[in-house]
Amino acid sequence: MGSKAKIAEGPRLFIRRSRADDAPLLSSWLEDPEVRSYYGFGGAPAAGEKSQGPGGTFLIVAKDGDHPIGFIDLECLGFRYDITIAIGDGSYRGKGLGEEAMTLAIEYAFRELDWNHLGLQVFGHNERAIRLYRRLGFRTRRRMKDRILFEGKRYDWLFMVLARDRWDARNAADPDPEGAGKE
Ligand SMILES: CC(C)(COP(=O)(O)OP(=O)(O)OC[C@H]1O[C@@H](n2cnc3c(N)ncnc32)[C@H](O)[C@@H]1OP(=O)(O)O)[C@@H](O)C(=O)NCCC(=O)NCCS
């Protein structure tokens with residue numbers, strides 16, 4: 001793998017640009033029932049050059065065996081910058097790897113891409129994801145009740161935002177990592 005492909009590295013994982021031949025893997029992760037139920041916004045993100053732009057699709061690779069476990073998508077939507085994460089390999093969820101991957105991707109977006117905020121969409125019942133996002137400093141900007149109809153059920157839809165200055169202040173001050181109930 002070329003050194004340019006790897007964009008960030010932490011203790012337990014690294015993040016690299018996706019390649020065209022990652023497409024089947026990305027699609028297979030969307031077949032996972034948990035990912036499907038929480039990532040109901042569309043199909044698999046584009047892989048390889050199709051995904052390039054100001055952001056792109058990146059693979060999260062666990063360092064134990066260089067094993068790809070999920071993806072992060074960074075997308076520039078006009079004046080909005082969005083981030084999406086899914087750990088597709090269920091055996092790697094709930095071990096703090098989502099937090100490590102998000103931290104690396106947020107740093108990359110704010111430092112390398114010079115974005116000044118990140119937004120994300122999440123279903124209201126995805127408590128694990130919302131806890132993670134709040135720990136990272138994301139705050140709910142909009143909540144639409146029963147907005148999502150997915151497999152016959154209605155769910156709230158949340159739009160959460162993290163401003164770069166908030167991220168910087170959080171890291172400088174090392175505040176309450178749980179967000180202390182602030183919205
Ligand atoms: C949502 C998602 C990204 C969260 O990533 P994750 O790695 O599973 O979650 P975290 O990094 O927050 O860790 C989860 C738990 O492990 C705990 N944890 C943290 N570090 C840990 C470590 N080193 N060892 C063990 N557990 C750890 C955390 O405290 C957390 O517990 P809590 O939720 O009770 O607070 C991931 O579960 C996922 O991809 N889910 C399916 C798709 C999805 O929902 N995507 C989001 C769509 S908006």
# chains A, B, ... in the order shown; residues from 1 in each chain; ligands from 1
$ residues_near_ligand --ligand "ligand 1" --cutoff "7 Å" --atoms "only C-alpha atoms and all ligand atoms" --output "MDAnalysis selection string"
chainID A and resid 34:35 38:39 84:88 92:100 121:123 126 128:129 131:132
$ write_last_selection --atoms "N, CA and C atoms" --output "PDB file, in the first residue's frame"
ATOM      1  N   GLU A  34     -27.051  -5.076  11.886  1.00  0.00           N
ATOM      2  CA  GLU A  34     -26.957  -3.861  12.714  1.00  0.00           C
ATOM      3  C   GLU A  34     -26.627  -2.643  11.860  1.00  0.00           C
ATOM      4  N   VAL A  35     -25.712  -2.833  10.926  1.00  0.00           N
ATOM      5  CA  VAL A  35     -25.378  -1.699  10.053  1.00  0.00           C
ATOM      6  C   VAL A  35     -26.616  -1.316   9.242  1.00  0.00           C
ATOM      7  N   TYR A  38     -29.151   0.732  11.208  1.00  0.00           N
ATOM      8  CA  TYR A  38     -28.749   2.076  11.625  1.00  0.00           C
ATOM      9  C   TYR A  38     -28.215   2.930  10.491  1.00  0.00           C
ATOM     10  N   TYR A  39     -27.908   2.302   9.378  1.00  0.00           N
ATOM     11  CA  TYR A  39     -27.321   3.035   8.261  1.00  0.00           C
ATOM     12  C   TYR A  39     -28.313   2.954   7.105  1.00  0.00           C
ATOM     13  N   THR A  84     -19.634  10.058   8.104  1.00  0.00           N
ATOM     14  CA  THR A  84     -20.427   8.849   8.360  1.00  0.00           C
ATOM     15  C   THR A  84     -19.452   7.738   8.733  1.00  0.00           C
ATOM     16  N   ILE A  85     -19.850   6.931   9.714  1.00  0.00           N
ATOM     17  CA  ILE A  85     -19.005   5.792  10.092  1.00  0.00           C
ATOM     18  C   ILE A  85     -19.846   4.529  10.205  1.00  0.00           C
ATOM     19  N   ALA A  86     -19.262   3.425   9.832  1.00  0.00           N
ATOM     20  CA  ALA A  86     -19.867   2.117  10.138  1.00  0.00           C
ATOM     21  C   ALA A  86     -18.739   1.113  10.349  1.00  0.00           C
ATOM     22  N   ILE A  87     -18.793   0.449  11.493  1.00  0.00           N
ATOM     23  CA  ILE A  87     -17.894  -0.689  11.706  1.00  0.00           C
ATOM     24  C   ILE A  87     -18.674  -1.911  11.228  1.00  0.00           C
ATOM     25  N   GLY A  88     -18.290  -2.415  10.080  1.00  0.00           N
ATOM     26  CA  GLY A  88     -19.056  -3.469   9.416  1.00  0.00           C
ATOM     27  C   GLY A  88     -18.818  -4.841  10.011  1.00  0.00           C
ATOM     28  N   TYR A  92     -15.772  -6.270  15.993  1.00  0.00           N
ATOM     29  CA  TYR A  92     -14.914  -5.138  16.357  1.00  0.00           C
ATOM     30  C   TYR A  92     -15.718  -3.974  16.940  1.00  0.00           C
ATOM     31  N   ARG A  93     -17.039  -4.145  17.113  1.00  0.00           N
ATOM     32  CA  ARG A  93     -17.838  -3.068  17.707  1.00  0.00           C
ATOM     33  C   ARG A  93     -17.753  -3.124  19.230  1.00  0.00           C
ATOM     34  N   GLY A  94     -17.996  -1.995  19.870  1.00  0.00           N
ATOM     35  CA  GLY A  94     -18.051  -1.956  21.332  1.00  0.00           C
ATOM     36  C   GLY A  94     -16.706  -2.116  22.007  1.00  0.00           C
ATOM     37  N   LYS A  95     -15.642  -1.817  21.269  1.00  0.00           N
ATOM     38  CA  LYS A  95     -14.293  -1.954  21.841  1.00  0.00           C
ATOM     39  C   LYS A  95     -13.523  -0.640  21.788  1.00  0.00           C
ATOM     40  N   GLY A  96     -14.251   0.419  21.544  1.00  0.00           N
ATOM     41  CA  GLY A  96     -13.601   1.723  21.500  1.00  0.00           C
ATOM     42  C   GLY A  96     -12.964   2.063  20.170  1.00  0.00           C
ATOM     43  N   LEU A  97     -13.108   1.172  19.179  1.00  0.00           N
ATOM     44  CA  LEU A  97     -12.456   1.445  17.890  1.00  0.00           C
ATOM     45  C   LEU A  97     -13.201   2.531  17.101  1.00  0.00           C
ATOM     46  N   GLY A  98     -14.520   2.612  17.308  1.00  0.00           N
ATOM     47  CA  GLY A  98     -15.283   3.681  16.650  1.00  0.00           C
ATOM     48  C   GLY A  98     -14.778   5.042  17.104  1.00  0.00           C
ATOM     49  N   GLU A  99     -14.525   5.150  18.400  1.00  0.00           N
ATOM     50  CA  GLU A  99     -14.019   6.422  18.934  1.00  0.00           C
ATOM     51  C   GLU A  99     -12.639   6.732  18.358  1.00  0.00           C
ATOM     52  N   GLU A 100     -11.789   5.721  18.313  1.00  0.00           N
ATOM     53  CA  GLU A 100     -10.428   5.954  17.773  1.00  0.00           C
ATOM     54  C   GLU A 100     -10.501   6.366  16.297  1.00  0.00           C
ATOM     55  N   GLN A 121     -25.785  12.518  10.304  1.00  0.00           N
ATOM     56  CA  GLN A 121     -27.178  12.118  10.494  1.00  0.00           C
ATOM     57  C   GLN A 121     -27.199  10.804  11.259  1.00  0.00           C
ATOM     58  N   VAL A 122     -28.134  10.694  12.179  1.00  0.00           N
ATOM     59  CA  VAL A 122     -28.210   9.449  12.955  1.00  0.00           C
ATOM     60  C   VAL A 122     -29.661   9.207  13.356  1.00  0.00           C
ATOM     61  N   PHE A 123     -30.051   7.936  13.410  1.00  0.00           N
ATOM     62  CA  PHE A 123     -31.385   7.580  13.876  1.00  0.00           C
ATOM     63  C   PHE A 123     -31.451   7.781  15.385  1.00  0.00           C
ATOM     64  N   ASN A 126     -30.359   4.937  17.822  1.00  0.00           N
ATOM     65  CA  ASN A 126     -28.994   4.402  17.746  1.00  0.00           C
ATOM     66  C   ASN A 126     -28.177   4.941  18.930  1.00  0.00           C
ATOM     67  N   ARG A 128     -25.891   3.781  20.940  1.00  0.00           N
ATOM     68  CA  ARG A 128     -24.432   3.633  21.006  1.00  0.00           C
ATOM     69  C   ARG A 128     -23.756   4.714  20.168  1.00  0.00           C
ATOM     70  N   ALA A 129     -24.269   4.923  18.964  1.00  0.00           N
ATOM     71  CA  ALA A 129     -23.655   5.929  18.092  1.00  0.00           C
ATOM     72  C   ALA A 129     -23.819   7.321  18.696  1.00  0.00           C
ATOM     73  N   ARG A 131     -24.180   8.194  21.817  1.00  0.00           N
ATOM     74  CA  ARG A 131     -23.264   8.339  22.969  1.00  0.00           C
ATOM     75  C   ARG A 131     -21.846   8.646  22.500  1.00  0.00           C
ATOM     76  N   LEU A 132     -21.423   7.922  21.469  1.00  0.00           N
ATOM     77  CA  LEU A 132     -20.081   8.157  20.919  1.00  0.00           C
ATOM     78  C   LEU A 132     -19.965   9.591  20.379  1.00  0.00           C
TER      79      LEU A 132
END
$ residues_around --residues "Ile148 in chain A" --least-positions-apart "2" --cutoff "12 Å" --atoms "only C-alpha atoms" --output "short mmCIF file (atom, residue, chain, number, x, y, z; two decimals) with N, CA and C atoms, in the first residue's frame"
data_model
loop_
_atom_site.label_atom_id
_atom_site.label_comp_id
_atom_site.auth_asym_id
_atom_site.auth_seq_id
_atom_site.Cartn_x
_atom_site.Cartn_y
_atom_site.Cartn_z
N SER A 37 -29.72 -1.64 9.97
CA SER A 37 -30.80 -0.99 10.72
C SER A 37 -30.43 0.44 11.14
N TYR A 38 -29.15 0.73 11.21
CA TYR A 38 -28.75 2.08 11.63
C TYR A 38 -28.21 2.93 10.49
N TYR A 39 -27.91 2.30 9.38
CA TYR A 39 -27.32 3.04 8.26
C TYR A 39 -28.31 2.95 7.11
N GLY A 40 -29.52 3.40 7.37
CA GLY A 40 -30.58 3.20 6.38
C GLY A 40 -30.69 4.29 5.36
N PHE A 41 -29.64 5.05 5.18
CA PHE A 41 -29.75 6.24 4.33
C PHE A 41 -29.47 5.98 2.87
N GLN A 121 -25.79 12.52 10.30
CA GLN A 121 -27.18 12.12 10.49
C GLN A 121 -27.20 10.80 11.26
N VAL A 122 -28.13 10.69 12.18
CA VAL A 122 -28.21 9.45 12.96
C VAL A 122 -29.66 9.21 13.36
N PHE A 123 -30.05 7.94 13.41
CA PHE A 123 -31.39 7.58 13.88
C PHE A 123 -31.45 7.78 15.39
N GLY A 124 -32.61 8.23 15.86
CA GLY A 124 -32.77 8.54 17.29
C GLY A 124 -32.61 7.35 18.21
N HIS A 125 -32.79 6.13 17.71
CA HIS A 125 -32.69 4.95 18.59
C HIS A 125 -31.29 4.33 18.54
N ARG A 143 -33.76 17.70 15.46
CA ARG A 143 -34.35 16.37 15.70
C ARG A 143 -35.73 16.37 15.08
N MET A 144 -35.97 15.43 14.21
CA MET A 144 -37.29 15.35 13.57
C MET A 144 -37.95 14.04 14.00
N LYS A 145 -39.05 14.21 14.69
CA LYS A 145 -39.73 13.03 15.27
C LYS A 145 -40.35 12.17 14.17
N ASP A 146 -40.14 10.88 14.30
CA ASP A 146 -40.75 9.90 13.38
C ASP A 146 -40.45 10.20 11.91
N PHE A 150 -38.38 3.01 8.12
CA PHE A 150 -37.42 1.99 7.72
C PHE A 150 -37.97 0.63 8.10
N GLU A 151 -38.11 -0.20 7.11
CA GLU A 151 -38.65 -1.55 7.30
C GLU A 151 -39.91 -1.53 8.16
N GLY A 152 -40.82 -0.62 7.82
CA GLY A 152 -42.14 -0.59 8.44
C GLY A 152 -42.22 0.14 9.78
N LYS A 153 -41.08 0.63 10.29
CA LYS A 153 -41.13 1.34 11.58
C LYS A 153 -40.67 2.78 11.41
N ARG A 154 -41.20 3.62 12.29
CA ARG A 154 -40.80 5.03 12.24
C ARG A 154 -39.77 5.34 13.32
N TYR A 155 -38.77 6.14 12.95
CA TYR A 155 -37.71 6.52 13.88
C TYR A 155 -37.46 8.02 13.81
N ASP A 156 -37.02 8.58 14.93
CA ASP A 156 -36.58 9.97 14.90
C ASP A 156 -35.31 10.08 14.07
N TRP A 157 -35.08 11.24 13.55
CA TRP A 157 -33.88 11.53 12.76
C TRP A 157 -33.17 12.71 13.43
N LEU A 158 -31.87 12.58 13.64
CA LEU A 158 -31.11 13.66 14.27
C LEU A 158 -30.01 14.14 13.34
#
$ residues_around --residues "range 5-14 of chain A" --least-positions-apart "6" --cutoff "6 Å" --atoms "only C-alpha atoms" --output "number ranges by chain"
A: 61-63
$ atom_distance --atom1 "CA of Ala163 in chain A" --atom2 "CA of Glu112 in chain A"
15.4 Å
$ residues_around --residues "range 24-27 of chain A" --least-positions-apart "2" --cutoff "10 Å" --atoms "only C-alpha atoms" --output "list of chain:residue names"
A:Ser18, A:Ala20, A:Asp21, A:Asp22, A:Trp29, A:Leu30, A:Glu31, A:Asp32, A:Gly43, A:Ala44, A:Pro45, A:Ala46, A:Ala47, A:Thr57, A:Leu59, A:Pro68, A:Ile69, A:Gly70, A:Phe71, A:Ala86, A:Gly88
$ write_last_selection --atoms "N, CA and C atoms" --output "JSON list (two decimals), in the first residue's frame"
[["chain", "number", "residue", "atom", "x", "y", "z"],
["A", 18, "SER", "N", -9.98, 4.44, 0.23],
["A", 18, "SER", "CA", -10.54, 3.23, -0.38],
["A", 18, "SER", "C", -9.99, 3.09, -1.80],
["A", 20, "ALA", "N", -10.79, 0.91, -5.68],
["A", 20, "ALA", "CA", -11.92, 0.38, -6.44],
["A", 20, "ALA", "C", -12.23, -1.06, -6.02],
["A", 21, "ASP", "N", -11.18, -1.84, -5.71],
["A", 21, "ASP", "CA", -11.43, -3.25, -5.37],
["A", 21, "ASP", "C", -11.95, -3.43, -3.94],
["A", 22, "ASP", "N", -12.18, -2.33, -3.21],
["A", 22, "ASP", "CA", -12.83, -2.43, -1.89],
["A", 22, "ASP", "C", -14.35, -2.45, -2.02],
["A", 29, "TRP", "N", -20.60, -5.04, 4.07],
["A", 29, "TRP", "CA", -20.84, -4.48, 5.40],
["A", 29, "TRP", "C", -22.27, -3.97, 5.53],
["A", 30, "LEU", "N", -22.81, -3.47, 4.43],
["A", 30, "LEU", "CA", -24.19, -2.95, 4.50],
["A", 30, "LEU", "C", -25.21, -4.08, 4.61],
["A", 31, "GLU", "N", -24.77, -5.30, 4.43],
["A", 31, "GLU", "CA", -25.67, -6.45, 4.61],
["A", 31, "GLU", "C", -25.77, -6.85, 6.08],
["A", 32, "ASP", "N", -24.83, -6.40, 6.89],
["A", 32, "ASP", "CA", -24.86, -6.73, 8.32],
["A", 32, "ASP", "C", -26.14, -6.12, 8.93],
["A", 43, "GLY", "N", -27.21, 3.35, -0.27],
["A", 43, "GLY", "CA", -26.34, 2.24, -0.62],
["A", 43, "GLY", "C", -24.94, 2.43, -0.07],
["A", 44, "ALA", "N", -24.07, 1.52, -0.46],
["A", 44, "ALA", "CA", -22.69, 1.60, -0.01],
["A", 44, "ALA", "C", -22.01, 2.83, -0.60],
["A", 45, "PRO", "N", -21.11, 3.44, 0.16],
["A", 45, "PRO", "CA", -20.39, 4.58, -0.39],
["A", 45, "PRO", "C", -19.49, 4.14, -1.54],
["A", 46, "ALA", "N", -19.20, 5.07, -2.43],
["A", 46, "ALA", "CA", -18.35, 4.76, -3.58],
["A", 46, "ALA", "C", -16.94, 4.44, -3.11],
["A", 47, "ALA", "N", -16.28, 3.55, -3.85],
["A", 47, "ALA", "CA", -14.90, 3.18, -3.49],
["A", 47, "ALA", "C", -13.94, 3.70, -4.55],
["A", 57, "THR", "N", -14.15, 8.19, 0.58],
["A", 57, "THR", "CA", -14.44, 7.02, 1.40],
["A", 57, "THR", "C", -13.13, 6.41, 1.87],
["A", 59, "LEU", "N", -11.18, 3.43, 4.46],
["A", 59, "LEU", "CA", -11.35, 2.17, 5.18],
["A", 59, "LEU", "C", -10.68, 2.25, 6.55],
["A", 68, "PRO", "N", -9.44, -4.98, 7.41],
["A", 68, "PRO", "CA", -10.41, -3.88, 7.25],
["A", 68, "PRO", "C", -11.69, -4.20, 8.02],
["A", 69, "ILE", "N", -12.15, -3.27, 8.85],
["A", 69, "ILE", "CA", -13.31, -3.55, 9.72],
["A", 69, "ILE", "C", -14.49, -2.62, 9.45],
["A", 70, "GLY", "N", -14.29, -1.59, 8.67],
["A", 70, "GLY", "CA", -15.40, -0.67, 8.42],
["A", 70, "GLY", "C", -14.94, 0.52, 7.59],
["A", 71, "PHE", "N", -15.82, 1.51, 7.52],
["A", 71, "PHE", "CA", -15.46, 2.66, 6.68],
["A", 71, "PHE", "C", -15.89, 3.97, 7.35],
["A", 86, "ALA", "N", -19.26, 3.42, 9.83],
["A", 86, "ALA", "CA", -19.87, 2.12, 10.14],
["A", 86, "ALA", "C", -18.74, 1.11, 10.35],
["A", 88, "GLY", "N", -18.29, -2.41, 10.08],
["A", 88, "GLY", "CA", -19.06, -3.47, 9.42],
["A", 88, "GLY", "C", -18.82, -4.84, 10.01]]
$ select_by_dssp --residues "range 4-178 of chain A" --states "alpha helix (DSSP H)" --output "number ranges by chain"
A: 23-29, 33-38, 97-107, 127-136, 164-173
$ write_last_selection --atoms "N, CA and C atoms" --output "compact mmCIF listing (two decimals), in the first residue's frame"
# COMPACT_ATOMS: atom_id res chain seq x y z
N ALA A 23 -14.88 -2.20 -3.23
CA ALA A 23 -16.34 -2.05 -3.39
C ALA A 23 -17.12 -3.26 -2.86
N PRO A 24 -16.73 -4.51 -3.15
CA PRO A 24 -17.51 -5.64 -2.63
C PRO A 24 -17.53 -5.69 -1.10
N LEU A 25 -16.41 -5.33 -0.48
CA LEU A 25 -16.32 -5.32 0.98
C LEU A 25 -17.27 -4.27 1.56
N LEU A 26 -17.25 -3.08 0.97
CA LEU A 26 -18.14 -2.01 1.43
C LEU A 26 -19.60 -2.46 1.33
N SER A 27 -19.95 -3.09 0.22
CA SER A 27 -21.34 -3.56 0.05
C SER A 27 -21.67 -4.64 1.07
N SER A 28 -20.71 -5.53 1.34
CA SER A 28 -21.00 -6.65 2.27
C SER A 28 -21.27 -6.11 3.67
N TRP A 29 -20.60 -5.04 4.07
CA TRP A 29 -20.84 -4.48 5.40
C TRP A 29 -22.27 -3.97 5.53
N PRO A 33 -26.90 -6.93 9.69
CA PRO A 33 -28.20 -6.45 10.18
C PRO A 33 -28.09 -5.17 11.02
N GLU A 34 -27.05 -5.08 11.89
CA GLU A 34 -26.96 -3.86 12.71
C GLU A 34 -26.63 -2.64 11.86
N VAL A 35 -25.71 -2.83 10.93
CA VAL A 35 -25.38 -1.70 10.05
C VAL A 35 -26.62 -1.32 9.24
N ARG A 36 -27.31 -2.31 8.71
CA ARG A 36 -28.51 -2.04 7.91
C ARG A 36 -29.54 -1.24 8.70
N SER A 37 -29.72 -1.64 9.97
CA SER A 37 -30.80 -0.99 10.72
C SER A 37 -30.43 0.44 11.14
N TYR A 38 -29.15 0.73 11.21
CA TYR A 38 -28.75 2.08 11.63
C TYR A 38 -28.21 2.93 10.49
N LEU A 97 -13.11 1.17 19.18
CA LEU A 97 -12.46 1.44 17.89
C LEU A 97 -13.20 2.53 17.10
N GLY A 98 -14.52 2.61 17.31
CA GLY A 98 -15.28 3.68 16.65
C GLY A 98 -14.78 5.04 17.10
N GLU A 99 -14.52 5.15 18.40
CA GLU A 99 -14.02 6.42 18.93
C GLU A 99 -12.64 6.73 18.36
N GLU A 100 -11.79 5.72 18.31
CA GLU A 100 -10.43 5.95 17.77
C GLU A 100 -10.50 6.37 16.30
N ALA A 101 -11.34 5.67 15.52
CA ALA A 101 -11.44 5.98 14.09
C ALA A 101 -12.03 7.38 13.87
N MET A 102 -13.07 7.70 14.63
CA MET A 102 -13.69 9.02 14.47
C MET A 102 -12.71 10.13 14.84
N THR A 103 -11.94 9.90 15.91
CA THR A 103 -10.98 10.92 16.33
C THR A 103 -9.95 11.19 15.23
N LEU A 104 -9.45 10.11 14.62
CA LEU A 104 -8.47 10.28 13.53
C LEU A 104 -9.10 11.00 12.34
N ALA A 105 -10.33 10.63 11.99
CA ALA A 105 -10.97 11.22 10.82
C ALA A 105 -11.32 12.69 11.06
N ILE A 106 -11.74 12.99 12.29
CA ILE A 106 -12.08 14.39 12.62
C ILE A 106 -10.82 15.26 12.52
N GLU A 107 -9.72 14.75 13.09
CA GLU A 107 -8.45 15.48 13.00
C GLU A 107 -8.05 15.70 11.54
N GLU A 127 -28.51 4.40 20.11
CA GLU A 127 -27.96 4.99 21.34
C GLU A 127 -26.45 4.90 21.41
N ARG A 128 -25.89 3.78 20.94
CA ARG A 128 -24.43 3.63 21.01
C ARG A 128 -23.76 4.71 20.17
N ALA A 129 -24.27 4.92 18.96
CA ALA A 129 -23.66 5.93 18.09
C ALA A 129 -23.82 7.32 18.70
N ILE A 130 -25.01 7.62 19.21
CA ILE A 130 -25.24 8.97 19.76
C ILE A 130 -24.34 9.21 20.97
N ARG A 131 -24.18 8.19 21.82
CA ARG A 131 -23.26 8.34 22.97
C ARG A 131 -21.85 8.65 22.50
N LEU A 132 -21.42 7.92 21.47
CA LEU A 132 -20.08 8.16 20.92
C LEU A 132 -19.97 9.59 20.38
N TYR A 133 -20.95 10.01 19.59
CA TYR A 133 -20.87 11.33 18.98
C TYR A 133 -20.86 12.43 20.05
N ARG A 134 -21.67 12.24 21.09
CA ARG A 134 -21.71 13.26 22.14
C ARG A 134 -20.40 13.28 22.91
N ARG A 135 -19.81 12.11 23.11
CA ARG A 135 -18.50 12.05 23.77
C ARG A 135 -17.46 12.82 22.98
N LEU A 136 -17.60 12.77 21.67
CA LEU A 136 -16.63 13.46 20.81
C LEU A 136 -16.91 14.96 20.71
N ARG A 164 -15.23 23.02 14.62
CA ARG A 164 -13.80 22.83 14.86
C ARG A 164 -13.33 23.55 16.12
N ASP A 165 -13.87 24.74 16.39
CA ASP A 165 -13.39 25.43 17.59
C ASP A 165 -13.82 24.69 18.86
N ARG A 166 -14.96 24.04 18.78
CA ARG A 166 -15.40 23.24 19.93
C ARG A 166 -14.46 22.04 20.14
N TRP A 167 -14.10 21.42 19.01
CA TRP A 167 -13.17 20.27 19.07
C TRP A 167 -11.84 20.69 19.66
N ASP A 168 -11.34 21.85 19.21
CA ASP A 168 -10.05 22.34 19.70
C ASP A 168 -10.14 22.66 21.19
N ALA A 169 -11.24 23.32 21.58
CA ALA A 169 -11.38 23.70 22.98
C ALA A 169 -11.51 22.46 23.85
N ARG A 170 -12.25 21.47 23.36
CA ARG A 170 -12.44 20.22 24.10
C ARG A 170 -11.10 19.54 24.33
N ASN A 171 -10.28 19.51 23.29
CA ASN A 171 -9.00 18.82 23.42
C ASN A 171 -8.01 19.60 24.27
N ALA A 172 -8.13 20.93 24.21
CA ALA A 172 -7.23 21.75 25.02
C ALA A 172 -7.60 21.67 26.49
N ALA A 173 -8.92 21.64 26.77
CA ALA A 173 -9.37 21.72 28.16
C ALA A 173 -9.60 20.36 28.78
